[in-house]
There are 2 protein chains.
Amino acid sequence: MINQKLPRYVQVYARLKKQIESHSYKVGEFLPPEPELEKIFHVSRTTVRKAVEMLSQEGLVYIQQGRGTEVLNVTPTQKLQYVTSFSETLKEQGFQVHYRDIEAVLIPSPIDVAEMLQIQPGKPVVRLDRVAIVHDKPLALLTNYLLEDMVPNFVNTIKKMKSLYEFLESEYNLVFDSANDFITAKPAPKDESSILGVPDGYPLLQVRRISFIKTRPVEFVLLRIIGNKYEYFVHTKERPPKL
Amino acid sequence: MINQKLPRYVQVYARLKKQIESHSYKVGEFLPPEPELEKIFHVSRTTVRKAVEMLSQEGLVYIQQGRGTEVLNVTPTQKLQYVTSFSETLKEQGFQVHYRDIEAVLIPSPIDVAEMLQIQPGKPVVRLDRVAIVHDKPLALLTNYLLEDMVPNFVNTIKKMKSLYEFLESEYNLVFDSANDFITAKPAPKDESSILGVPDGYPLLQVRRISFIKTRPVEFVLLRIIGNKYEYFVHTKERPPKL
DNA sequence: AAGTGGTCTAGACCACGAA
DNA sequence: TCGTGGTCTAGACCACTTA
């Protein structure tokens, strides 16, 4: 076993997940009842329940009191409720992305960016501009602002990079814990439309993202995607209990 | 107590939430440690932890091993990670919405709708069209498709209705458990632009929603919102463990 | 070293769904 | 009625943060 140090409930979760994805447990069937799972994995009820709960959170199973835990069909778009980068999302959907016209500069933070990142205006940030290319055509413009002290010497090291988030993790050991996205539609201004190769005023899907490490905002992203070429997927869950 | 029948962890959750929202526990402060909470509420550790976990899921607190559980600042936009209707979302943000040109018809399901709802094409569905009005101006077009057998006699009963979801709950005892949204930007076609009062081809934020009860799709919604007049908010969380 | 949250157990009883 | 998942307890030990 590679993951000897992982908590038991994670191990149970992983093994169940593998069996679901390999169709050892087929869609529409039920998982073994919890007392069975206790015996199978030699763990307590609590541990079993936490593992199954994780599967449920991911949308892999549907738990019903009195009936059992049903295996659901996993659509590939279903997994995107976690913090992922634009390029990872596209890769999931089978598109090869690369970036052109990459440019990184160290600048004093503009007011709006400073506000988003909850820092003093003028505090240095790295601004990274890129054009996302899919099938040899521009799909989107990306502008990232990163706190300079989180990514020292960033500007000189980024020349080739497939995914920013993978780069940040490998080079700086930075992983975002959560993110807030604000999505809207807007007409493409002249400079953006010319780069993207669409008519002036063409609809763009604009995403403003603030990324957090613990509770601290460390990145602000402005994404402008050609409308009708990309869909943003969101899964929403049941409400919290009414009181 | 009104909620005598609720599980204890929900009661603990509710009381903690109330204290956070009334600033009895201030932003940046820490909740009492879990052993303290056990004593305060006279419950076991498990129960305390489940309650705190719920607060964390809602983004009200940030739990840190070895440090404590920190109270976070709650922005009003932060609560929208649950299934809500368009009008409820707008109301949260302080906008008064009402609907005009409400029209409901019983029709055989078109192919694309049938596909979304996983039913036979032609199976009867209720189609509901509305124009959402804010500040006396059109903001969005809404088209809902509902399985006919879920909402018998719907067409004759909807004349006045503030929120469809509230209506469905009170009249038919229908509450959606989850929903999938697909968001994109598209140019307004002629018929839609004239109703919305925007130029032909103006950017619209389009949301396609499939709503579920248990695992069964029961509603398909097509939302077309005037770009730049509305922001769709999404909070994404940490990833599941790497295996 | 002390105190926090994280994991885990064994066992009990309750609530719901199907037969 | 029986078997399922849901709630809850008391207690133990581990892992992390801070001092």
# chains A, B, ... in the order shown; residues from 1 in each chain; ligands from 1
>>> select_by_dssp(residues="segment 11-192 of chain B", states="alpha helix (DSSP H)", output="PyMOL selection string")
chain B and resi 11-21+34-41+45-57+86-92+111-117+164-172+190-192
>>> interface_residues(of="chain B", to="chain D", cutoff="8 Å", atoms="only C-alpha atoms (C1' of nucleotides)", output="ChimeraX atom specification")
/B:7,44,46-47,65-67
>>> interface_residues(of="chain B", to="chain C", cutoff="12 Å", atoms="only C-alpha atoms (C1' of nucleotides)", output="number ranges by chain")
B: 5, 7, 30-36, 45-46, 48-49, 52-53, 62-70
>>> residues_around(residues="Val105 of chain A", least_positions_apart="2", cutoff="7 Å", atoms="only C-alpha atoms (C1' of nucleotides)", output="PyMOL selection string")
chain A and resi 103+107+126-128+155
>>> write_last_selection(atoms="C-alpha atoms", output="PDB file, in the first residue's frame")
ATOM      1  CA  GLU A 103       3.535  38.188 -20.150  1.00  0.00           C
ATOM      2  CA  ILE A 107       3.441  46.161 -10.669  1.00  0.00           C
ATOM      3  CA  VAL A 126       2.534  40.009 -10.165  1.00  0.00           C
ATOM      4  CA  ARG A 127       0.278  40.498 -13.143  1.00  0.00           C
ATOM      5  CA  LEU A 128       0.187  37.607 -15.583  1.00  0.00           C
ATOM      6  CA  VAL A 155       8.420  36.896 -13.394  1.00  0.00           C
TER       7      VAL A 155
END
>>> residues_around(residues="segment 108-114 of chain B", least_positions_apart="5", cutoff="10 Å", atoms="only C-alpha atoms (C1' of nucleotides)", output="list in words")
Ile119, Gln120, Pro121, Gly122, Lys123, Pro124, Val125, Val126, Arg127, Tyr145, Leu146, Leu147, Glu148, Ile210, Glu219, Phe220 and Val221 of chain B
>>> residues_around(residues="segment 136-140 of chain A", least_positions_apart="2", cutoff="12 Å", atoms="only C-alpha atoms (C1' of nucleotides)", output="ChimeraX atom specification")
/A:86-87,90,95-101,129-134,142-143,188,192-198,203-207,222-230
>>> atom_distance(atom1="atom CA of Val27 of chain A", atom2="atom CA of Ile213 of chain B")
17.9 Å
>>> closest_residue(among="B:Lys39, B:Arg208, B:Lys186, B:Arg15", to="chain A", atoms="only C-alpha atoms")
B:Lys186
>>> select_by_dssp(residues="segment 59-233 of chain B", states="strand (DSSP E or B)", output="compact mmCIF listing (two decimals) with N, CA, C and O atoms, in the first residue's frame")
# COMPACT_ATOMS: atom_id res chain seq x y z
N VAL B 61 -17.41 29.56 9.64
CA VAL B 61 -16.23 29.43 10.51
C VAL B 61 -15.11 28.73 9.75
O VAL B 61 -15.34 28.07 8.74
N TYR B 62 -13.90 28.90 10.26
CA TYR B 62 -12.75 28.24 9.66
C TYR B 62 -12.06 27.42 10.73
O TYR B 62 -11.60 27.94 11.74
N ILE B 63 -12.04 26.11 10.54
CA ILE B 63 -11.52 25.20 11.56
C ILE B 63 -10.04 24.94 11.31
O ILE B 63 -9.65 24.61 10.19
N GLN B 64 -9.22 25.08 12.34
CA GLN B 64 -7.80 24.82 12.19
C GLN B 64 -7.31 23.91 13.31
O GLN B 64 -7.43 24.26 14.49
N GLY B 68 -7.86 26.31 16.68
CA GLY B 68 -9.21 26.58 17.13
C GLY B 68 -10.11 26.83 15.94
O GLY B 68 -9.72 26.62 14.79
N THR B 69 -11.33 27.26 16.22
CA THR B 69 -12.32 27.47 15.17
C THR B 69 -12.66 28.95 15.11
O THR B 69 -13.27 29.49 16.02
N GLU B 70 -12.26 29.56 14.01
CA GLU B 70 -12.32 31.00 13.87
C GLU B 70 -13.63 31.42 13.22
O GLU B 70 -14.10 30.78 12.28
N VAL B 71 -14.21 32.51 13.73
CA VAL B 71 -15.42 33.04 13.13
C VAL B 71 -15.06 33.90 11.92
O VAL B 71 -14.19 34.77 12.01
N TYR B 82 -26.73 26.88 -2.37
CA TYR B 82 -27.81 25.91 -2.29
C TYR B 82 -28.82 26.17 -3.39
O TYR B 82 -28.78 27.20 -4.06
N VAL B 97 -38.39 41.78 -7.24
CA VAL B 97 -38.68 41.21 -8.56
C VAL B 97 -40.16 40.96 -8.68
O VAL B 97 -40.80 40.58 -7.71
N HIS B 98 -40.71 41.18 -9.84
CA HIS B 98 -42.00 40.57 -10.13
C HIS B 98 -41.99 40.10 -11.56
O HIS B 98 -41.05 40.36 -12.31
N TYR B 99 -43.05 39.41 -11.94
CA TYR B 99 -43.05 38.78 -13.25
C TYR B 99 -44.19 39.29 -14.11
O TYR B 99 -45.27 39.59 -13.60
N ARG B 100 -43.93 39.39 -15.40
CA ARG B 100 -44.93 39.88 -16.34
C ARG B 100 -45.10 38.84 -17.44
O ARG B 100 -44.23 37.99 -17.64
N ASP B 101 -46.21 38.95 -18.14
CA ASP B 101 -46.42 38.09 -19.32
C ASP B 101 -46.28 36.61 -18.97
O ASP B 101 -45.68 35.84 -19.72
N ILE B 102 -46.85 36.26 -17.83
CA ILE B 102 -46.79 34.87 -17.43
C ILE B 102 -47.70 34.03 -18.30
O ILE B 102 -48.86 34.38 -18.53
N GLU B 103 -47.17 32.96 -18.79
CA GLU B 103 -47.94 32.10 -19.68
C GLU B 103 -47.57 30.66 -19.41
O GLU B 103 -46.39 30.31 -19.41
N ALA B 104 -48.59 29.83 -19.16
CA ALA B 104 -48.32 28.42 -18.91
C ALA B 104 -49.14 27.58 -19.87
O ALA B 104 -50.33 27.80 -20.03
N VAL B 105 -48.47 26.64 -20.50
CA VAL B 105 -49.17 25.75 -21.42
C VAL B 105 -48.73 24.32 -21.21
O VAL B 105 -47.61 24.06 -20.77
N LEU B 106 -49.63 23.41 -21.50
CA LEU B 106 -49.32 21.98 -21.43
C LEU B 106 -48.97 21.51 -22.82
O LEU B 106 -49.78 21.62 -23.74
N ILE B 107 -47.77 21.03 -23.01
CA ILE B 107 -47.32 20.64 -24.35
C ILE B 107 -46.62 19.29 -24.31
O ILE B 107 -46.18 18.84 -23.26
N PRO B 108 -46.55 18.63 -25.48
CA PRO B 108 -45.71 17.44 -25.56
C PRO B 108 -44.26 17.89 -25.50
O PRO B 108 -43.89 18.90 -26.10
N PRO B 124 -46.08 14.62 -21.82
CA PRO B 124 -46.54 15.99 -21.54
C PRO B 124 -45.72 16.69 -20.46
O PRO B 124 -45.38 16.10 -19.43
N VAL B 125 -45.39 17.95 -20.74
CA VAL B 125 -44.72 18.81 -19.76
C VAL B 125 -45.44 20.15 -19.73
O VAL B 125 -46.09 20.54 -20.68
N VAL B 126 -45.32 20.82 -18.59
CA VAL B 126 -45.85 22.18 -18.49
C VAL B 126 -44.73 23.14 -18.87
O VAL B 126 -43.63 23.04 -18.35
N ARG B 127 -45.02 24.03 -19.78
CA ARG B 127 -44.05 25.06 -20.14
C ARG B 127 -44.52 26.39 -19.57
O ARG B 127 -45.63 26.84 -19.84
N LEU B 128 -43.66 27.01 -18.79
CA LEU B 128 -44.01 28.28 -18.13
C LEU B 128 -43.05 29.35 -18.61
O LEU B 128 -41.84 29.22 -18.46
N ASP B 129 -43.62 30.41 -19.20
CA ASP B 129 -42.78 31.53 -19.66
C ASP B 129 -43.07 32.76 -18.83
O ASP B 129 -44.22 33.06 -18.51
N ARG B 130 -42.00 33.47 -18.49
CA ARG B 130 -42.15 34.69 -17.69
C ARG B 130 -41.09 35.71 -18.07
O ARG B 130 -40.01 35.36 -18.55
N VAL B 131 -41.41 36.97 -17.81
CA VAL B 131 -40.41 38.03 -17.92
C VAL B 131 -40.18 38.59 -16.53
O VAL B 131 -41.12 39.01 -15.86
N ALA B 132 -38.93 38.57 -16.08
CA ALA B 132 -38.61 39.09 -14.75
C ALA B 132 -38.38 40.60 -14.83
O ALA B 132 -37.61 41.07 -15.67
N ILE B 133 -39.08 41.31 -13.96
CA ILE B 133 -39.01 42.77 -13.96
C ILE B 133 -38.38 43.26 -12.66
O ILE B 133 -38.80 42.88 -11.57
N VAL B 134 -37.35 44.10 -12.78
CA VAL B 134 -36.75 44.74 -11.62
C VAL B 134 -36.67 46.24 -11.90
O VAL B 134 -36.19 46.64 -12.96
N LYS B 137 -38.06 47.55 -15.12
CA LYS B 137 -37.43 47.20 -16.39
C LYS B 137 -37.21 45.70 -16.49
O LYS B 137 -36.91 45.06 -15.48
N PRO B 138 -37.34 45.16 -17.69
CA PRO B 138 -37.11 43.72 -17.86
C PRO B 138 -35.65 43.38 -17.56
O PRO B 138 -34.75 44.10 -17.97
N LEU B 139 -35.44 42.32 -16.82
CA LEU B 139 -34.08 41.89 -16.50
C LEU B 139 -33.76 40.55 -17.14
O LEU B 139 -32.62 40.30 -17.53
N ALA B 140 -34.77 39.69 -17.24
CA ALA B 140 -34.47 38.34 -17.71
C ALA B 140 -35.72 37.66 -18.27
O ALA B 140 -36.85 38.03 -17.92
N LEU B 141 -35.49 36.67 -19.10
CA LEU B 141 -36.55 35.79 -19.57
C LEU B 141 -36.38 34.44 -18.90
O LEU B 141 -35.25 33.93 -18.80
N LEU B 142 -37.49 33.87 -18.46
CA LEU B 142 -37.43 32.56 -17.82
C LEU B 142 -38.37 31.60 -18.54
O LEU B 142 -39.52 31.93 -18.80
N THR B 143 -37.88 30.43 -18.82
CA THR B 143 -38.73 29.37 -19.34
C THR B 143 -38.50 28.12 -18.49
O THR B 143 -37.38 27.63 -18.40
N ASN B 144 -39.56 27.65 -17.85
CA ASN B 144 -39.47 26.43 -17.04
C ASN B 144 -40.25 25.31 -17.70
O ASN B 144 -41.36 25.53 -18.20
N TYR B 145 -39.67 24.13 -17.70
CA TYR B 145 -40.39 22.93 -18.13
C TYR B 145 -40.50 22.00 -16.93
O TYR B 145 -39.49 21.64 -16.32
N LEU B 146 -41.75 21.62 -16.61
CA LEU B 146 -41.97 20.76 -15.46
C LEU B 146 -42.68 19.48 -15.89
O LEU B 146 -43.57 19.53 -16.73
N LEU B 147 -42.31 18.37 -15.29
CA LEU B 147 -43.02 17.13 -15.57
C LEU B 147 -44.48 17.30 -15.20
O LEU B 147 -44.79 17.67 -14.07
N SER B 178 -31.43 19.01 -5.51
CA SER B 178 -30.17 19.48 -6.09
C SER B 178 -30.44 20.00 -7.49
O SER B 178 -31.53 19.82 -8.05
N ALA B 179 -29.47 20.63 -8.08
CA ALA B 179 -29.62 21.16 -9.43
C ALA B 179 -28.26 21.26 -10.10
O ALA B 179 -27.24 21.43 -9.45
N ASN B 180 -28.28 21.10 -11.42
CA ASN B 180 -27.08 21.32 -12.22
C ASN B 180 -27.30 22.53 -13.12
O ASN B 180 -28.29 22.59 -13.86
N ASP B 181 -26.39 23.48 -13.04
CA ASP B 181 -26.48 24.67 -13.87
C ASP B 181 -25.36 24.68 -14.90
O ASP B 181 -24.21 24.38 -14.58
N PHE B 182 -25.71 25.04 -16.13
CA PHE B 182 -24.72 25.23 -17.18
C PHE B 182 -24.80 26.66 -17.64
O PHE B 182 -25.84 27.09 -18.15
N ILE B 183 -23.72 27.39 -17.47
CA ILE B 183 -23.75 28.84 -17.69
C ILE B 183 -22.92 29.21 -18.90
O ILE B 183 -21.78 28.76 -19.04
N THR B 184 -23.48 30.05 -19.73
CA THR B 184 -22.72 30.51 -20.89
C THR B 184 -23.18 31.92 -21.26
O THR B 184 -24.11 32.46 -20.67
N ALA B 185 -22.47 32.53 -22.22
CA ALA B 185 -22.87 33.84 -22.72
C ALA B 185 -23.26 33.70 -24.17
O ALA B 185 -22.62 32.98 -24.92
N LYS B 186 -24.34 34.36 -24.57
CA LYS B 186 -24.76 34.28 -25.97
C LYS B 186 -25.39 35.60 -26.41
O LYS B 186 -25.86 36.38 -25.58
N PRO B 187 -25.37 35.85 -27.71
CA PRO B 187 -26.00 37.07 -28.22
C PRO B 187 -27.51 36.95 -28.19
O PRO B 187 -28.05 35.88 -28.45
N PRO B 203 -25.11 40.88 -25.31
CA PRO B 203 -24.75 39.72 -24.50
C PRO B 203 -25.79 39.36 -23.45
O PRO B 203 -26.23 40.22 -22.69
N LEU B 204 -26.17 38.11 -23.45
CA LEU B 204 -27.03 37.59 -22.40
C LEU B 204 -26.27 36.52 -21.63
O LEU B 204 -25.49 35.76 -22.20
N LEU B 205 -26.50 36.48 -20.33
CA LEU B 205 -26.00 35.39 -19.52
C LEU B 205 -27.06 34.30 -19.54
O LEU B 205 -28.18 34.51 -19.07
N GLN B 206 -26.72 33.16 -20.11
CA GLN B 206 -27.72 32.10 -20.22
C GLN B 206 -27.42 30.96 -19.25
O GLN B 206 -26.31 30.44 -19.22
N VAL B 207 -28.42 30.61 -18.45
CA VAL B 207 -28.28 29.51 -17.52
C VAL B 207 -29.27 28.41 -17.89
O VAL B 207 -30.46 28.67 -18.00
N ARG B 208 -28.74 27.21 -18.12
CA ARG B 208 -29.60 26.05 -18.28
C ARG B 208 -29.54 25.27 -17.00
O ARG B 208 -28.45 24.90 -16.54
N ARG B 209 -30.68 25.03 -16.39
CA ARG B 209 -30.70 24.33 -15.12
C ARG B 209 -31.53 23.07 -15.20
O ARG B 209 -32.63 23.07 -15.74
N ILE B 210 -31.01 22.00 -14.64
CA ILE B 210 -31.79 20.79 -14.44
C ILE B 210 -31.93 20.59 -12.94
O ILE B 210 -30.93 20.54 -12.23
N SER B 211 -33.18 20.50 -12.47
CA SER B 211 -33.43 20.34 -11.04
C SER B 211 -33.84 18.92 -10.73
O SER B 211 -34.58 18.30 -11.50
N PHE B 212 -33.39 18.42 -9.61
CA PHE B 212 -33.63 17.04 -9.23
C PHE B 212 -34.43 16.91 -7.94
O PHE B 212 -34.28 17.70 -7.01
N ILE B 213 -35.29 15.89 -7.90
CA ILE B 213 -35.84 15.43 -6.63
C ILE B 213 -35.31 14.02 -6.45
O ILE B 213 -35.49 13.17 -7.33
N ARG B 216 -34.00 12.05 -9.55
CA ARG B 216 -34.81 12.15 -10.76
C ARG B 216 -34.93 13.61 -11.24
O ARG B 216 -35.33 14.48 -10.46
N PRO B 217 -34.58 13.88 -12.50
CA PRO B 217 -34.74 15.24 -13.01
C PRO B 217 -36.21 15.56 -13.21
O PRO B 217 -36.93 14.79 -13.84
N VAL B 218 -36.68 16.67 -12.68
CA VAL B 218 -38.10 17.01 -12.76
C VAL B 218 -38.34 18.38 -13.36
O VAL B 218 -39.48 18.74 -13.63
N GLU B 219 -37.30 19.15 -13.53
CA GLU B 219 -37.49 20.50 -14.08
C GLU B 219 -36.31 20.87 -14.97
O GLU B 219 -35.16 20.58 -14.65
N PHE B 220 -36.62 21.53 -16.07
CA PHE B 220 -35.57 22.11 -16.90
C PHE B 220 -35.87 23.59 -17.05
O PHE B 220 -37.01 23.97 -17.35
N VAL B 221 -34.88 24.43 -16.78
CA VAL B 221 -35.07 25.87 -16.83
C VAL B 221 -34.11 26.49 -17.82
O VAL B 221 -32.94 26.11 -17.88
N LEU B 222 -34.62 27.45 -18.57
CA LEU B 222 -33.77 28.23 -19.44
C LEU B 222 -33.89 29.69 -19.02
O LEU B 222 -34.97 30.27 -19.07
N LEU B 223 -32.79 30.24 -18.57
CA LEU B 223 -32.76 31.60 -18.02
C LEU B 223 -31.91 32.45 -18.95
O LEU B 223 -30.77 32.09 -19.26
N ARG B 224 -32.45 33.57 -19.38
CA ARG B 224 -31.63 34.48 -20.20
C ARG B 224 -31.64 35.85 -19.56
O ARG B 224 -32.68 36.52 -19.52
N ILE B 225 -30.49 36.25 -19.03
CA ILE B 225 -30.39 37.47 -18.23
C ILE B 225 -29.56 38.51 -18.98
O ILE B 225 -28.54 38.17 -19.59
N ILE B 226 -29.98 39.75 -18.90
CA ILE B 226 -29.22 40.82 -19.56
C ILE B 226 -27.82 40.89 -18.95
O ILE B 226 -27.66 41.00 -17.75
N TYR B 232 -23.60 35.93 -11.29
CA TYR B 232 -23.84 34.60 -10.76
C TYR B 232 -22.67 34.27 -9.86
O TYR B 232 -21.52 34.37 -10.27
N PHE B 233 -22.98 33.91 -8.61
CA PHE B 233 -21.91 33.69 -7.64
C PHE B 233 -21.71 32.20 -7.36
O PHE B 233 -22.67 31.46 -7.17
>>> atom_distance(atom1="atom CA of His135 of chain B", atom2="atom CA of Thr84 of chain B")
21.3 Å
>>> closest_residue(among="B:Asn73, B:Gln118, B:Ser85, B:Ser163", to="Ser22 of chain B", atoms="only C-alpha atoms")
B:Asn73
